[in-house]
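K.L.:
Sharing start-v3.txt (compact mmCIF, C-alpha atoms and all ligand atoms) below.
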# COMPACT_ATOMS: atom_id res chain seq x y z
CA MET Z 1 -85.61 81.26 2.59
CA ALA Z 2 -88.38 79.08 1.18
CA ASP Z 3 -86.96 78.77 -2.33
CA ASN Z 4 -83.70 77.38 -0.93
CA ILE Z 5 -85.33 74.46 0.77
CA VAL Z 6 -84.68 71.07 -0.78
CA VAL Z 7 -86.26 68.23 1.11
CA GLY Z 8 -83.79 65.45 1.81
CA ALA Z 9 -80.76 67.64 1.11
CA GLY Z 10 -77.88 67.67 3.58
CA ASP Z 11 -75.62 64.69 3.09
CA GLY Z 12 -78.17 63.13 0.76
CA LYS Z 13 -78.95 60.25 3.10
CA PRO Z 14 -82.28 59.81 4.86
CA ALA Z 15 -82.26 59.79 8.66
CA SER Z 16 -82.55 56.26 10.01
CA ALA Z 17 -82.41 54.56 13.38
CA SER Z 18 -79.01 53.11 12.52
CA ASP Z 19 -77.58 56.55 11.68
CA LYS Z 20 -74.61 57.35 13.94
CA SER Z 21 -76.06 60.77 14.70
CA GLN Z 22 -79.17 59.17 16.22
CA PRO Z 23 -78.89 58.39 19.93
CA LEU Z 24 -79.77 54.90 21.08
CA ASP Z 25 -82.58 56.24 23.24
CA ALA Z 26 -84.10 58.11 20.27
CA LEU Z 27 -87.67 57.11 21.15
CA PRO Z 28 -88.43 58.03 24.75
CA ALA Z 29 -90.57 55.72 26.83
CA VAL Z 30 -93.42 58.17 27.39
CA ASP Z 31 -96.37 57.18 29.56
CA SER Z 32 -98.53 55.49 26.92
CA ARG Z 33 -101.67 57.06 28.40
CA ASP Z 34 -100.61 60.36 26.87
CA ASP Z 35 -100.76 59.25 23.22
CA THR Z 36 -104.38 58.26 23.64
CA LEU Z 37 -105.51 61.15 25.80
CA LEU Z 38 -103.99 63.63 23.34
CA VAL Z 39 -106.31 62.21 20.70
CA HIS Z 40 -109.47 61.89 22.81
CA SER Z 41 -109.41 64.44 25.65
CA GLY Z 42 -111.77 67.41 25.40
CA LYS Z 43 -113.92 65.85 22.65
CA ASN Z 44 -117.67 65.30 22.66
CA PRO Z 45 -118.92 64.33 19.17
CA SER Z 46 -122.36 63.24 20.40
CA ALA Z 47 -123.04 66.79 21.63
CA ASN Z 48 -121.99 68.20 18.25
CA HIS Z 49 -123.99 66.26 15.63
CA GLY Z 50 -121.14 63.73 15.41
CA ALA Z 51 -118.49 66.27 14.46
CA ILE Z 52 -115.15 65.06 15.78
CA ASN Z 53 -113.86 68.53 16.59
CA PRO Z 54 -115.75 70.97 18.81
CA PRO Z 55 -117.43 73.88 17.06
CA VAL Z 56 -115.83 77.31 17.29
CA TYR Z 57 -118.26 79.37 19.37
CA HIS Z 58 -117.97 83.10 18.74
CA ALA Z 59 -119.87 84.43 21.73
CA SER Z 60 -120.07 87.35 24.11
CA THR Z 61 -123.73 87.41 25.23
CA LEU Z 62 -125.35 84.12 26.17
CA LEU Z 63 -129.15 84.25 26.53
CA PHE Z 64 -131.19 82.77 29.38
CA PRO Z 65 -134.80 81.65 28.77
CA THR Z 66 -136.29 82.60 32.17
CA VAL Z 67 -135.80 85.29 34.82
CA ASP Z 68 -134.97 82.57 37.32
CA LYS Z 69 -132.19 81.15 35.12
CA PHE Z 70 -130.85 84.62 34.42
CA LEU Z 71 -130.74 85.55 38.12
CA ASN Z 72 -128.99 82.25 38.90
CA ARG Z 73 -126.64 82.39 35.93
CA HIS Z 74 -123.58 81.96 38.18
CA THR Z 75 -124.62 78.30 38.50
CA ALA Z 76 -124.80 77.72 34.72
CA GLU Z 77 -121.88 75.98 32.99
CA PHE Z 78 -121.64 78.89 30.54
CA ARG Z 79 -122.93 82.39 31.28
CA TYR Z 80 -120.84 84.98 29.41
CA GLY Z 81 -118.24 84.75 26.64
CA ARG Z 82 -115.40 86.10 28.76
CA ARG Z 83 -116.02 83.32 31.25
CA GLY Z 84 -115.70 80.58 28.66
CA THR Z 85 -117.56 78.72 25.93
CA PRO Z 86 -117.75 75.03 24.99
CA THR Z 87 -114.74 75.72 22.69
CA SER Z 88 -112.47 77.03 25.44
CA LYS Z 89 -113.78 74.38 27.86
CA ALA Z 90 -112.71 71.65 25.41
CA LEU Z 91 -109.12 72.93 25.40
CA GLU Z 92 -109.08 73.45 29.18
CA ASN Z 93 -110.23 69.86 29.73
CA ALA Z 94 -107.67 68.54 27.26
CA ILE Z 95 -104.73 70.41 28.84
CA ALA Z 96 -105.94 69.44 32.33
CA ASP Z 97 -105.70 65.76 31.34
CA LEU Z 98 -102.22 66.26 29.89
CA GLU Z 99 -100.88 68.10 32.96
CA ARG Z 100 -102.86 65.91 35.46
CA ALA Z 101 -104.51 69.12 36.67
CA ALA Z 102 -107.76 69.60 38.59
CA SER Z 103 -108.53 72.68 36.51
CA VAL Z 104 -106.97 74.86 33.79
CA ILE Z 105 -107.23 78.60 33.13
CA LEU Z 106 -106.47 79.82 29.61
CA THR Z 107 -104.80 83.21 29.27
CA PRO Z 108 -103.96 85.45 26.28
CA SER Z 109 -100.23 84.54 26.37
CA GLY Z 110 -97.70 82.51 28.32
CA LYS Z 111 -96.47 85.73 29.85
CA SER Z 112 -99.93 86.66 31.15
CA ALA Z 113 -100.25 83.15 32.63
CA ASN Z 114 -97.00 83.70 34.57
CA SER Z 115 -97.95 87.24 35.65
CA THR Z 116 -101.39 86.11 36.85
CA VAL Z 117 -99.90 83.44 39.11
CA LEU Z 118 -97.31 85.89 40.42
CA MET Z 119 -100.07 88.45 41.17
CA ALA Z 120 -102.39 85.94 42.83
CA PHE Z 121 -100.14 85.46 45.87
CA ALA Z 122 -98.81 89.02 46.14
CA GLU Z 123 -99.47 90.89 49.39
CA PRO Z 124 -97.72 94.08 50.49
CA ASP Z 125 -94.47 93.29 52.36
CA SER Z 126 -94.45 89.64 51.35
CA HIS Z 127 -91.56 87.69 49.82
CA TYR Z 128 -91.14 85.41 46.81
CA LEU Z 129 -88.42 82.90 45.93
CA VAL Z 130 -87.75 82.78 42.18
CA VAL Z 131 -85.16 80.66 40.39
CA ASP Z 132 -82.25 82.67 38.96
CA THR Z 133 -82.55 80.96 35.56
CA THR Z 134 -86.19 81.84 35.00
CA TYR Z 135 -87.51 83.33 31.76
CA LYS Z 136 -86.33 86.95 31.65
CA PRO Z 137 -89.80 88.60 31.45
CA THR Z 138 -90.85 86.61 34.56
CA ARG Z 139 -87.86 88.00 36.38
CA GLU Z 140 -88.67 91.52 35.20
CA PHE Z 141 -92.25 91.22 36.43
CA CYS Z 142 -90.85 90.54 39.92
CA THR Z 143 -88.33 93.38 39.88
CA SER Z 144 -90.82 95.94 38.48
CA GLN Z 145 -94.52 95.27 39.07
CA LEU Z 146 -94.11 93.22 42.26
CA ALA Z 147 -91.35 95.43 43.68
CA GLN Z 148 -93.70 98.41 43.23
CA MET Z 149 -96.20 96.60 45.48
CA ASN Z 150 -93.52 95.93 48.10
CA VAL Z 151 -93.21 92.26 47.28
CA ALA Z 152 -89.52 91.37 47.65
CA THR Z 153 -88.01 88.67 45.43
CA THR Z 154 -84.98 86.57 46.26
CA PHE Z 155 -83.51 84.88 43.20
CA TYR Z 156 -82.01 81.49 44.07
CA ASP Z 157 -79.49 79.08 42.53
CA PRO Z 158 -81.25 76.43 40.37
CA SER Z 159 -79.15 73.70 42.07
CA ILE Z 160 -80.45 74.63 45.54
CA GLY Z 161 -82.74 71.60 46.06
CA ALA Z 162 -83.93 71.07 49.66
CA ASN Z 163 -81.63 73.89 50.86
CA ILE Z 164 -84.36 76.25 49.67
CA ALA Z 165 -85.47 75.90 53.31
CA ASP Z 166 -82.65 78.30 54.33
CA LEU Z 167 -84.11 81.09 52.15
CA ILE Z 168 -87.69 80.84 53.37
CA ARG Z 169 -88.88 83.78 55.47
CA PRO Z 170 -92.05 84.08 57.57
CA THR Z 171 -93.36 86.33 54.77
CA THR Z 172 -92.57 83.95 51.87
CA ARG Z 173 -95.78 83.48 49.85
CA LEU Z 174 -94.60 81.68 46.68
CA ILE Z 175 -91.74 79.57 45.36
CA TRP Z 176 -91.32 79.80 41.58
CA MET Z 177 -89.37 77.23 39.55
CA GLU Z 178 -88.46 76.68 35.92
CA SER Z 179 -86.73 73.44 34.96
CA PRO Z 180 -84.76 73.32 32.77
CA GLY Z 181 -83.99 77.03 33.07
CA SER Z 182 -84.20 79.50 30.20
CA GLN Z 183 -81.07 79.90 28.01
CA THR Z 184 -78.73 77.66 30.04
CA PHE Z 185 -81.03 74.70 30.78
CA GLU Z 186 -80.04 73.81 34.37
CA LEU Z 187 -82.35 71.21 35.94
CA GLN Z 188 -83.89 71.73 39.37
CA ASP Z 189 -84.71 69.14 42.02
CA VAL Z 190 -88.41 69.99 41.72
CA PRO Z 191 -89.78 67.30 44.10
CA ALA Z 192 -87.28 68.28 46.84
CA ILE Z 193 -88.31 71.94 46.64
CA ALA Z 194 -92.03 71.04 46.49
CA LYS Z 195 -91.62 68.86 49.59
CA VAL Z 196 -89.94 71.60 51.66
CA ALA Z 197 -92.59 74.08 50.51
CA LYS Z 198 -95.40 71.76 51.53
CA THR Z 199 -94.08 71.28 55.06
CA ARG Z 200 -93.97 75.09 55.39
CA ASN Z 201 -97.37 75.52 53.70
CA ILE Z 202 -95.96 77.68 50.88
CA PRO Z 203 -97.48 77.33 47.40
CA THR Z 204 -95.19 76.32 44.51
CA ALA Z 205 -95.45 77.14 40.82
CA ILE Z 206 -93.35 76.10 37.85
CA ASP Z 207 -92.95 77.28 34.28
CA ASN Z 208 -93.31 73.97 32.40
CA THR Z 209 -93.16 75.38 28.87
CA TRP Z 210 -90.00 73.51 27.88
CA SER Z 211 -91.53 70.04 28.25
CA GLY Z 212 -94.84 70.99 26.60
CA GLY Z 213 -96.48 69.19 29.53
CA PHE Z 214 -95.59 66.01 27.67
CA PHE Z 215 -92.16 65.03 29.05
CA PHE Z 216 -92.58 66.34 32.61
CA LYS Z 217 -95.61 66.32 34.95
CA PRO Z 218 -94.92 68.84 37.73
CA LEU Z 219 -98.23 68.25 39.55
CA GLU Z 220 -97.28 64.58 39.97
CA HIS Z 221 -94.07 65.75 41.66
CA GLY Z 222 -95.86 67.80 44.32
CA VAL Z 223 -95.97 71.21 42.61
CA ASP Z 224 -99.22 73.17 43.07
CA ILE Z 225 -99.34 75.10 39.79
CA SER Z 226 -97.82 74.33 36.39
CA VAL Z 227 -97.80 77.15 33.85
CA GLN Z 228 -97.24 76.75 30.13
CA SER Z 229 -96.91 79.01 27.16
CA VAL Z 230 -99.37 77.27 24.83
CA THR Z 231 -97.81 79.46 22.13
CA LYS Z 232 -94.89 77.03 22.09
CA TYR Z 233 -95.39 73.26 21.79
CA ILE Z 234 -99.16 72.80 22.17
CA GLY Z 235 -99.75 75.48 19.51
CA GLY Z 236 -96.81 74.02 17.66
CA HIS Z 237 -97.18 75.96 14.42
CA SER Z 238 -96.00 79.52 15.26
CA ASP Z 239 -99.43 80.97 14.59
CA LEU Z 240 -101.04 81.74 17.96
CA MET Z 241 -100.41 83.27 21.38
CA MET Z 242 -101.83 81.63 24.53
CA GLY Z 243 -101.01 80.54 28.06
CA ALA Z 244 -102.36 77.86 30.39
CA ILE Z 245 -102.39 77.86 34.20
CA CYS Z 246 -102.71 74.23 35.32
CA LEU Z 247 -103.93 73.88 38.89
CA GLY Z 248 -103.61 71.23 41.53
CA PRO Z 249 -106.60 71.03 43.92
CA ARG Z 250 -105.08 73.42 46.52
CA SER Z 251 -104.98 76.49 44.27
CA VAL Z 252 -108.12 76.28 42.13
CA ASP Z 253 -110.29 78.82 43.98
CA LEU Z 254 -107.58 81.42 44.54
CA LEU Z 255 -106.34 81.38 40.94
CA GLN Z 256 -109.80 81.28 39.37
CA SER Z 257 -110.89 84.33 41.37
CA CYS Z 258 -107.69 86.19 40.50
CA ALA Z 259 -107.91 85.38 36.76
CA GLY Z 260 -111.63 86.24 36.83
CA ARG Z 261 -110.90 89.65 38.34
CA PHE Z 262 -108.35 90.35 35.61
CA GLY Z 263 -110.93 89.38 32.97
CA LEU Z 264 -108.55 87.12 31.08
CA CYS Z 265 -109.96 85.31 28.08
CA THR Z 266 -108.87 83.90 24.73
CA GLY Z 267 -110.24 84.19 21.20
CA PRO Z 268 -112.16 81.17 19.86
CA ASN Z 269 -110.14 80.82 16.66
CA ASP Z 270 -106.88 80.66 18.62
CA VAL Z 271 -108.40 78.12 20.99
CA TYR Z 272 -109.36 76.01 17.99
CA LEU Z 273 -105.82 76.20 16.59
CA ALA Z 274 -104.39 75.19 19.97
CA LEU Z 275 -106.73 72.18 20.07
CA ARG Z 276 -105.57 71.18 16.62
CA GLY Z 277 -101.93 71.42 17.70
CA PHE Z 278 -102.74 69.43 20.86
CA ARG Z 279 -103.81 66.37 18.82
CA THR Z 280 -100.34 65.88 17.31
CA LEU Z 281 -98.25 66.82 20.35
CA ALA Z 282 -97.00 63.27 20.99
CA VAL Z 283 -95.62 62.62 17.52
CA ARG Z 284 -94.11 66.08 17.27
CA MET Z 285 -92.47 65.88 20.70
CA ARG Z 286 -90.90 62.48 19.96
CA GLN Z 287 -89.42 63.88 16.77
CA HIS Z 288 -88.17 67.05 18.53
CA HIS Z 289 -86.57 64.72 21.11
CA ALA Z 290 -84.79 62.51 18.58
CA SER Z 291 -83.72 65.28 16.20
CA GLY Z 292 -82.70 67.60 19.04
CA LEU Z 293 -80.44 64.95 20.55
CA ALA Z 294 -78.94 64.12 17.16
CA VAL Z 295 -78.06 67.79 16.55
CA ALA Z 296 -76.83 68.26 20.16
CA GLN Z 297 -74.51 65.25 19.93
CA TRP Z 298 -73.15 66.44 16.61
CA LEU Z 299 -72.52 69.93 18.04
CA ALA Z 300 -70.81 68.46 21.13
CA GLN Z 301 -68.05 66.91 19.01
CA HIS Z 302 -67.46 69.98 16.81
CA PRO Z 303 -64.09 71.69 17.40
CA LEU Z 304 -65.64 75.20 17.36
CA VAL Z 305 -68.13 74.27 20.09
CA GLU Z 306 -67.03 74.81 23.68
CA ARG Z 307 -70.02 73.31 25.41
CA VAL Z 308 -73.54 71.99 24.76
CA MET Z 309 -76.28 72.70 27.33
CA HIS Z 310 -78.83 69.96 26.76
CA PRO Z 311 -80.74 68.63 29.80
CA ALA Z 312 -80.51 65.02 28.54
CA LEU Z 313 -76.73 65.21 28.11
CA GLY Z 314 -75.73 66.39 31.60
CA SER Z 315 -73.56 64.48 34.03
CA GLY Z 316 -73.53 63.79 37.77
CA SER Z 317 -76.51 65.05 39.77
CA SER Z 318 -78.02 66.67 36.69
CA ARG Z 319 -78.08 63.28 34.97
CA SER Z 320 -79.82 61.70 37.99
CA LEU Z 321 -82.50 64.41 38.02
CA TRP Z 322 -83.00 63.97 34.29
CA ARG Z 323 -83.42 60.21 34.56
CA ARG Z 324 -85.72 60.42 37.56
CA ASP Z 325 -88.11 63.17 36.43
CA PHE Z 326 -88.22 63.49 32.62
CA THR Z 327 -89.39 61.03 29.97
CA GLY Z 328 -87.79 62.88 27.06
CA ALA Z 329 -86.45 66.16 25.70
CA SER Z 330 -88.03 68.88 23.62
CA GLY Z 331 -86.14 70.49 20.74
CA LEU Z 332 -84.77 73.49 22.67
CA PHE Z 333 -81.24 73.67 24.11
CA GLY Z 334 -78.14 75.85 24.21
CA PHE Z 335 -74.53 75.76 23.15
CA VAL Z 336 -71.44 77.91 23.57
CA MET Z 337 -69.01 78.58 20.78
CA LYS Z 338 -65.34 79.37 21.34
CA GLU Z 339 -64.58 83.14 21.38
CA LEU Z 340 -66.27 84.64 18.34
CA SER Z 341 -66.18 88.20 16.98
CA GLN Z 342 -69.53 89.96 16.47
CA GLU Z 343 -68.86 89.87 12.76
CA LYS Z 344 -68.29 86.11 12.69
CA THR Z 345 -71.35 85.52 14.87
CA ALA Z 346 -73.39 87.45 12.30
CA THR Z 347 -71.82 85.57 9.36
CA PHE Z 348 -72.55 82.25 11.07
CA LEU Z 349 -76.20 83.05 11.80
CA GLU Z 350 -76.97 84.82 8.54
CA SER Z 351 -75.57 82.07 6.35
CA LEU Z 352 -77.94 79.38 7.69
CA ARG Z 353 -80.61 78.16 5.27
CA TYR Z 354 -83.01 76.37 7.61
CA PHE Z 355 -82.51 78.10 10.98
CA GLY Z 356 -84.45 81.34 11.35
CA MET Z 357 -83.75 84.11 13.87
CA GLY Z 358 -86.66 85.22 16.03
CA SER Z 359 -88.28 85.07 19.45
CA SER Z 360 -90.32 82.13 20.70
CA TRP Z 361 -89.98 78.44 19.75
CA GLY Z 362 -91.98 75.22 19.84
CA GLY Z 363 -93.16 75.49 16.24
CA TYR Z 364 -92.34 72.96 13.53
CA GLU Z 365 -89.41 75.06 12.29
CA SER Z 366 -85.80 75.40 13.47
CA LEU Z 367 -84.49 78.57 15.05
CA LEU Z 368 -81.09 79.79 16.22
CA ILE Z 369 -80.38 83.00 18.13
CA PRO Z 370 -77.47 84.43 20.14
CA THR Z 371 -78.07 84.68 23.92
CA PHE Z 372 -76.32 86.52 26.75
CA PRO Z 373 -77.04 84.65 29.99
CA GLY Z 374 -74.31 86.47 31.95
CA SER Z 375 -76.28 89.70 31.69
CA ILE Z 376 -79.45 88.31 33.30
CA ARG Z 377 -78.66 86.31 36.44
CA THR Z 378 -77.81 87.69 39.88
CA ALA Z 379 -77.68 84.72 42.29
CA THR Z 380 -75.30 82.66 40.18
CA ASN Z 381 -72.37 83.42 37.87
CA TRP Z 382 -72.17 82.60 34.21
CA SER Z 383 -68.44 82.34 33.60
CA THR Z 384 -68.16 80.15 30.50
CA PRO Z 385 -66.22 82.22 27.94
CA GLY Z 386 -67.48 82.39 24.36
CA GLN Z 387 -70.70 83.22 22.53
CA CYS Z 388 -73.89 81.47 23.70
CA PHE Z 389 -76.68 80.38 21.38
CA ARG Z 390 -80.19 79.03 21.86
CA ILE Z 391 -81.24 76.49 19.26
CA HIS Z 392 -84.68 75.11 18.51
CA VAL Z 393 -84.51 71.92 16.50
CA GLY Z 394 -87.67 71.71 14.42
CA LEU Z 395 -89.20 68.92 12.39
CA GLU Z 396 -86.88 69.13 9.38
CA ASN Z 397 -84.67 66.13 8.64
CA PRO Z 398 -81.88 66.35 11.26
CA ASN Z 399 -79.27 65.49 8.62
CA ASP Z 400 -80.25 68.60 6.70
CA LEU Z 401 -79.98 70.68 9.88
CA ILE Z 402 -76.55 69.27 10.67
CA ALA Z 403 -75.35 69.90 7.10
CA ASP Z 404 -76.66 73.45 7.35
CA LEU Z 405 -74.77 74.05 10.62
CA GLU Z 406 -71.63 72.44 9.19
CA ALA Z 407 -71.66 74.73 6.16
CA ALA Z 408 -72.10 77.77 8.42
CA PHE Z 409 -69.25 76.62 10.70
CA ASP Z 410 -67.04 76.14 7.62
CA ARG Z 411 -67.64 79.77 6.62
CA ILE Z 412 -66.25 81.08 9.89
CA GLY Z 413 -63.77 78.31 10.80
C1 LIG Z 501 -92.00 82.05 25.62
C2 LIG Z 501 -92.00 81.75 27.06
C3 LIG Z 501 -92.97 82.30 27.89
C4 LIG Z 501 -93.96 83.34 27.40
O1 LIG Z 501 -94.85 82.85 26.50
P1 LIG Z 501 -95.62 83.81 25.45
O2 LIG Z 501 -96.71 82.93 24.98
O3 LIG Z 501 -94.61 84.20 24.42
O4 LIG Z 501 -96.11 84.99 26.22
C5 LIG Z 501 -92.99 81.92 29.21
N1 LIG Z 501 -92.07 81.07 29.71
C6 LIG Z 501 -91.11 80.55 28.93
C7 LIG Z 501 -90.14 79.61 29.53
C8 LIG Z 501 -91.04 80.88 27.59
O5 LIG Z 501 -90.05 80.39 26.84
Here is the file; what I need is its structure written in the form of structure tokens.
Ligand SMILES: *Cc1c(COP(=O)(O)O)cnc(C)c1O
P.N.:
Amino acid sequence: MADNIVVGAGDGKPASASDKSQPLDALPAVDSRDDTLLVHSGKNPSANHGAINPPVYHASTLLFPTVDKFLNRHTAEFRYGRRGTPTSKALENAIADLERAASVILTPSGKSANSTVLMAFAEPDSHYLVVDTTYKPTREFCTSQLAQMNVATTFYDPSIGANIADLIRPTTRLIWMESPGSQTFELQDVPAIAKVAKTRNIPTAIDNTWSGGFFFKPLEHGVDISVQSVTKYIGGHSDLMMGAICLGPRSVDLLQSCAGRFGLCTGPNDVYLALRGFRTLAVRMRQHHASGLAVAQWLAQHPLVERVMHPALGSGSSRSLWRRDFTGASGLFGFVMKELSQEKTATFLESLRYFGMGSSWGGYESLLIPTFPGSIRTATNWSTPGQCFRIHVGLENPNDLIADLEAAFDRIG
């Protein structure tokens, strides 16, 4: 693909604020604290000979100078590589600031972050409430691993809001959210669910990967635990795997003991890469927001497109939730094309120059894959006819991306 790429191709015009494809709200009004904390959180140059970035500690054994210190090593800030080094601590502190968390646990992948939270509250014969539009592997963890331990899961409609109260049982131990949902991007009334859960003393957790922790702050909306795949936007460059469990004060002890028992840890080079990605999150997210909306609005008016599923372009109650809770949109959304044969779907996808096909997202590059939401959910119906797609709008010039899509549409139209 690389030798096809011509910077500034497309319609030959540079993207500009006055471009019709650019929405008026192209630059979201993000809490200005975040720009600065992304640059400064987790840094300590004076402890590192003035170096701006923390050193990459490769460490398993850490030595103690006296018997007394060795025997009391549980009180030391660092005692064994698996339990963290100054490198991993720097990233934990940085992500904690971003997510407004009391404490952060790094895990080897986003999936392991989700599984760890789901395991932490599991007791035989207990019950979980999990949103129907959650990431498919999260769902599968509930229906396999948790089911095997006699933890029952009820999948609920993402639009349930405060009516979640009707599904709570005496044995309910966790309410899991993901907003917007995977593949179809429905928003949830997160504060309403968190409020009901609090009155019933049930912990809440949310998969906050979509917002990168930048456009949505679940812990400020009453959620106890926010989980992110760091692989996606914080990593930002498609070159590492990592997860982060971001904890409000209520869940720190329980989750730290659970993660400690599992022995979860992350490699220092990946931690360093994640810290590097962290520093530019604000500028990348603003560009994903603007370019994503430009592409979404162009798709919405295309005759071959049935429907665009972009959280910022909803109507009615979805629009109110969006306005109330989010400060901007990442580059990931969905769309449905009018009935399309398998052959035409393949022609469409394979003729794109800039959009790659592959799992994951959140990197600087654009991706486009077919999705099949009807085959996953059980509590709600997916009845929109046509072929669904999930698109990740990367950091290319949006005009080039639109021209690329237009050429691919022309080949099948
Ligand atoms: C990708 C993804 C994950 C899993 O992250 P990995 O780092 O790939 O394990 C979890 N949740 C959501 C919503 C995701 O998109």
K.L.:
For ligand LIG 501 (chain Z), what centre and edge lengths in Å (one decimal) does the axis-aligned box get once 6 Å is added on each side of all its listed atoms, as AutoDock Vina command-line options?
P.N.:
--center_x -93.4 --center_y 82.3 --center_z 27.1 --size_x 18.7 --size_y 17.4 --size_z 17.3
K.L.:
Which polymer residues have any atom within 12 Å of an atom of Z:Ile206, counting all atoms listed in the file, with same-chain residues fewer than 5 positions away left out, as a VMD selection string?
P.N.:
chain Z and resid 113 to 114 117 to 118 129 to 131 134 to 135 138 174 to 181 188 to 191 193 to 194 211 213 216 to 219 221 to 229 244 to 248
K.L.:
Could you tell me which of Z:Lys195, Z:Arg279, Z:Lys136, Z:Lys344 comes closest to ligand LIG 501 (chain Z) if we count all atoms listed in the file?
P.N.:
Z:Lys136
K.L.:
Give as a ChimeraX atom specification every residue, naming chains and numbers as the document does, that has an atom within 12 Å of (-115.6, 74.4, 28.7), counting all atoms listed in the file.
P.N.:
/Z:42-44,54-57,76-96,103-106,268,271
K.L.:
How far is it from atom CA of Z:Lys198 to atom CA of Z:Pro249, in Å with one decimal?
P.N.:
13.6 Å
K.L.:
Taking only C-alpha atoms and all ligand atoms and a cut-off of 7 Å, can you tell me which residues surround ligand LIG 501 (chain Z), written as a list in words?
P.N.:
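If we count only C-alpha atoms and all ligand atoms, the neighbours of ligand LIG 501 (chain Z) turn out to be Ser109, Gly110, Lys111, Ser112, Asn114, Tyr135, Ser182, Asp207, Thr209, Trp210, Gln228, Ser229, Val230, Thr231, Lys232, Met241, Met242, Gly243 and Ser360 of chain Z.
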K.L.:
Any idea what the distance is between atom CA of Z:Gly212 and atom CA of Z:Phe348?
P.N.:
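Computing the Euclidean distance for atom CA of Z:Gly212 and atom CA of Z:Phe348 yields 29.4 Å.
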K.L.:
Between atom CA of Z:Val39 and atom CA of Z:Ala274, what is the distance, to one decimal in Å?
P.N.:
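The value is 13.1 Å.
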K.L.:
Under the rule that all atoms listed in the file are counted, which of Z:Met309, Z:Ala403, Z:Leu62, Z:Leu321 is the nearest residue to Z:Cys388?
P.N.:
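Ranking Z:Met309, Z:Ala403, Z:Leu62, Z:Leu321 by distance to Z:Cys388, first place goes to Z:Met309.
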K.L.:
I'd like to know which of Z:Ala192, Z:Ala205, Z:Glu186, Z:Glu350 is closest to Z:Leu313, using only C-alpha atoms.
P.N.:
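The shortest atom-to-atom distance to Z:Leu313 comes from Z:Glu186.
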K.L.:
Mind running stretch 320-369 of chain Z against stretch 391-395 of chain Z at 10 Å and telling me each contacting residue's nearest atom pair with the distance in Å (one decimal), counting only C-alpha atoms, chain and number ascending, as JSON lines?
P.N.:
{"residue": "Z:Ser330", "atom": "CA", "partner": "Z:Val393", "partner_atom": "CA", "distance": 8.5}
{"residue": "Z:Gly331", "atom": "CA", "partner": "Z:Val393", "partner_atom": "CA", "distance": 4.8}
{"residue": "Z:Leu332", "atom": "CA", "partner": "Z:His392", "partner_atom": "CA", "distance": 4.5}
{"residue": "Z:Phe333", "atom": "CA", "partner": "Z:Ile391", "partner_atom": "CA", "distance": 5.6}
{"residue": "Z:Gly334", "atom": "CA", "partner": "Z:Ile391", "partner_atom": "CA", "distance": 5.9}
{"residue": "Z:Phe335", "atom": "CA", "partner": "Z:Ile391", "partner_atom": "CA", "distance": 7.8}
{"residue": "Z:Tyr354", "atom": "CA", "partner": "Z:Gly394", "partner_atom": "CA", "distance": 9.5}
{"residue": "Z:Phe355", "atom": "CA", "partner": "Z:His392", "partner_atom": "CA", "distance": 8.4}
{"residue": "Z:Gly356", "atom": "CA", "partner": "Z:His392", "partner_atom": "CA", "distance": 9.5}
{"residue": "Z:Met357", "atom": "CA", "partner": "Z:Ile391", "partner_atom": "CA", "distance": 9.7}
{"residue": "Z:Ser360", "atom": "CA", "partner": "Z:His392", "partner_atom": "CA", "distance": 9.3}
{"residue": "Z:Trp361", "atom": "CA", "partner": "Z:His392", "partner_atom": "CA", "distance": 6.4}
{"residue": "Z:Gly362", "atom": "CA", "partner": "Z:His392", "partner_atom": "CA", "distance": 7.4}
{"residue": "Z:Gly363", "atom": "CA", "partner": "Z:Gly394", "partner_atom": "CA", "distance": 6.9}
{"residue": "Z:Tyr364", "atom": "CA", "partner": "Z:Gly394", "partner_atom": "CA", "distance": 4.9}
{"residue": "Z:Glu365", "atom": "CA", "partner": "Z:Gly394", "partner_atom": "CA", "distance": 4.3}
{"residue": "Z:Ser366", "atom": "CA", "partner": "Z:Gly394", "partner_atom": "CA", "distance": 4.2}
{"residue": "Z:Leu367", "atom": "CA", "partner": "Z:His392", "partner_atom": "CA", "distance": 4.9}
{"residue": "Z:Leu368", "atom": "CA", "partner": "Z:Ile391", "partner_atom": "CA", "distance": 4.5}
{"residue": "Z:Ile369", "atom": "CA", "partner": "Z:Ile391", "partner_atom": "CA", "distance": 6.7}
K.L.:
Kindly save the residues from that selection, with C-alpha atoms included, as a short mmCIF file (atom, residue, chain, number, x, y, z; two decimals), in the frame of the given file.
P.N.:
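The result, stored in part_16.cif:
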data_model
loop_
_atom_site.label_atom_id
_atom_site.label_comp_id
_atom_site.auth_asym_id
_atom_site.auth_seq_id
_atom_site.Cartn_x
_atom_site.Cartn_y
_atom_site.Cartn_z
CA SER Z 330 -88.03 68.88 23.62
CA GLY Z 331 -86.14 70.49 20.74
CA LEU Z 332 -84.77 73.49 22.67
CA PHE Z 333 -81.24 73.67 24.11
CA GLY Z 334 -78.14 75.85 24.21
CA PHE Z 335 -74.53 75.76 23.15
CA TYR Z 354 -83.01 76.37 7.61
CA PHE Z 355 -82.51 78.10 10.98
CA GLY Z 356 -84.45 81.34 11.35
CA MET Z 357 -83.75 84.11 13.87
CA SER Z 360 -90.32 82.13 20.70
CA TRP Z 361 -89.98 78.44 19.75
CA GLY Z 362 -91.98 75.22 19.84
CA GLY Z 363 -93.16 75.49 16.24
CA TYR Z 364 -92.34 72.96 13.53
CA GLU Z 365 -89.41 75.06 12.29
CA SER Z 366 -85.80 75.40 13.47
CA LEU Z 367 -84.49 78.57 15.05
CA LEU Z 368 -81.09 79.79 16.22
CA ILE Z 369 -80.38 83.00 18.13
#
